[in-house]
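Peer 1: Quick one: structure below, then a few questions.
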Amino acid sequence: MRQVMDRQLIHGFLEQHELQHTFPNALQERIRLYHFEKGETICTEGEQLNQMYFLVKGKLKIYTVSTEGRSRLLRFKNPLDIVGDVEYLKKNLVFNTVEAVTEGDLMGISYEDITRLAYDHPPFLQFLLEEVTHKFYTESNASTLNHLNSVETRLASYFLSTATTEKSTLFYQEMKTTNLKDIADLIGTSYRHLNRVIKQMCEEGIIEKKSKRIYIKDHDLLRERAHGNIYE
């Protein structure tokens with residue numbers, strides 16, 4: 001990530017997300033803005049963090065890695081999700097790996113500044129409590145649904161969460177074999193089973209494989225198969 005030295009942009013994000021009264025004035029002046037690129041790792045499981053990050057633009061994916069090296073998708077983060085809140089409260093190392101799905105921006109505040117300037121500020125503490133509660137609920141829910149739902153539901157949800165728009169057409173651009181193997185791990189299935197589900201969805205007219213891309217042809221049906229999207 002690279003730091004963006006633009007106080008006006010920071011204040012713009014605070015207004016956009018209605019955080020002017022949530023963050024005390026002194027804390028607002030300590031905010032740093034960071035820009036990240038698609039595919040960039042924000043933090044890695046087991047890493048030591050010294051800042052709390054507030055997602056103000058873009059999308060992140062959260063996943064854990066087993067002792068065998070297999071990844072398992074937990075959920076996606078959208079504005080105004082937080083990275084490093086549980087680690088701050090529990091004083092633990094990073095629980096899960098966070099990776100950028102799109103380019104975007106994070107506001108960062110050091111743990112030291114939060115303790116010094118916001119630990120006795122009720123609006124900030126209330127905001128933090130609500131976000132942590134939401135995180136535990138959604139990640140626990142996603143973990144459960146990952147086991148209970150079919151591979152089709154998991155794949156449809158993954159496509160909905162990671163698709164981008166080009167000329168009003170949604171497409172998912174990760175058709176290399178290595179990427180598909182990674183996706184199979186993330187949603188908890190085999191590479192062979194994943195290919196069978198993709199083929200079936202193509203035959204049903206939900207998606208289309210073309211030029212190393214997957215185009216979403218029937219967004220409504222894909223959302224129906226995703227049960228509204230289990231990862232968000």
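We name chains A, B, ... following the order of the structure tokens; residues begin at 1 in each chain, and ligands are numbered from 1 as shown.
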I want to know what sits within 9 Å of region 194-210 of chain A, based on only C-alpha atoms, with residues of the same chain fewer than 5 positions away left out; could you give that as a ChimeraX atom specification?

Peer 2: /A:151-152,155,171,175,180-181,183-184,189,215-222

Peer 1: Write out as JSON, numbers by chain the residues lying within 12 Å of Ala100 (chain A), counting only C-alpha atoms and excluding same-chain residues fewer than 4 positions away.

Peer 2: {"A": [1, 35, 36, 37, 38, 39, 40, 41, 42, 43, 44, 55, 57, 58, 59, 60, 61, 62, 63, 76, 77, 78, 104, 105, 106, 162]}

Peer 1: Report the distance between CA of Tyr53 (chain A) and CA of Val83 (chain A) in Å, rounded to one decimal place.

Peer 2: 4.9 Å

Peer 1: Go through A:Ser71, A:Leu89, A:Leu14, A:Leu27 one by one, measure the shortest atom-to-atom distance of each to Val56 (chain A) using only C-alpha atoms, and give the residue with the smallest value.

Peer 2: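 So, comparing all the options, the nearest one is A:Leu14.
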
Peer 1: Between A:Ile187, A:Asn92, A:Glu99, A:Arg116, which has the minimum distance to Tyr158 (chain A) (counting only C-alpha atoms)?

Peer 2: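 So, comparing all the options, the nearest one is A:Ile187.
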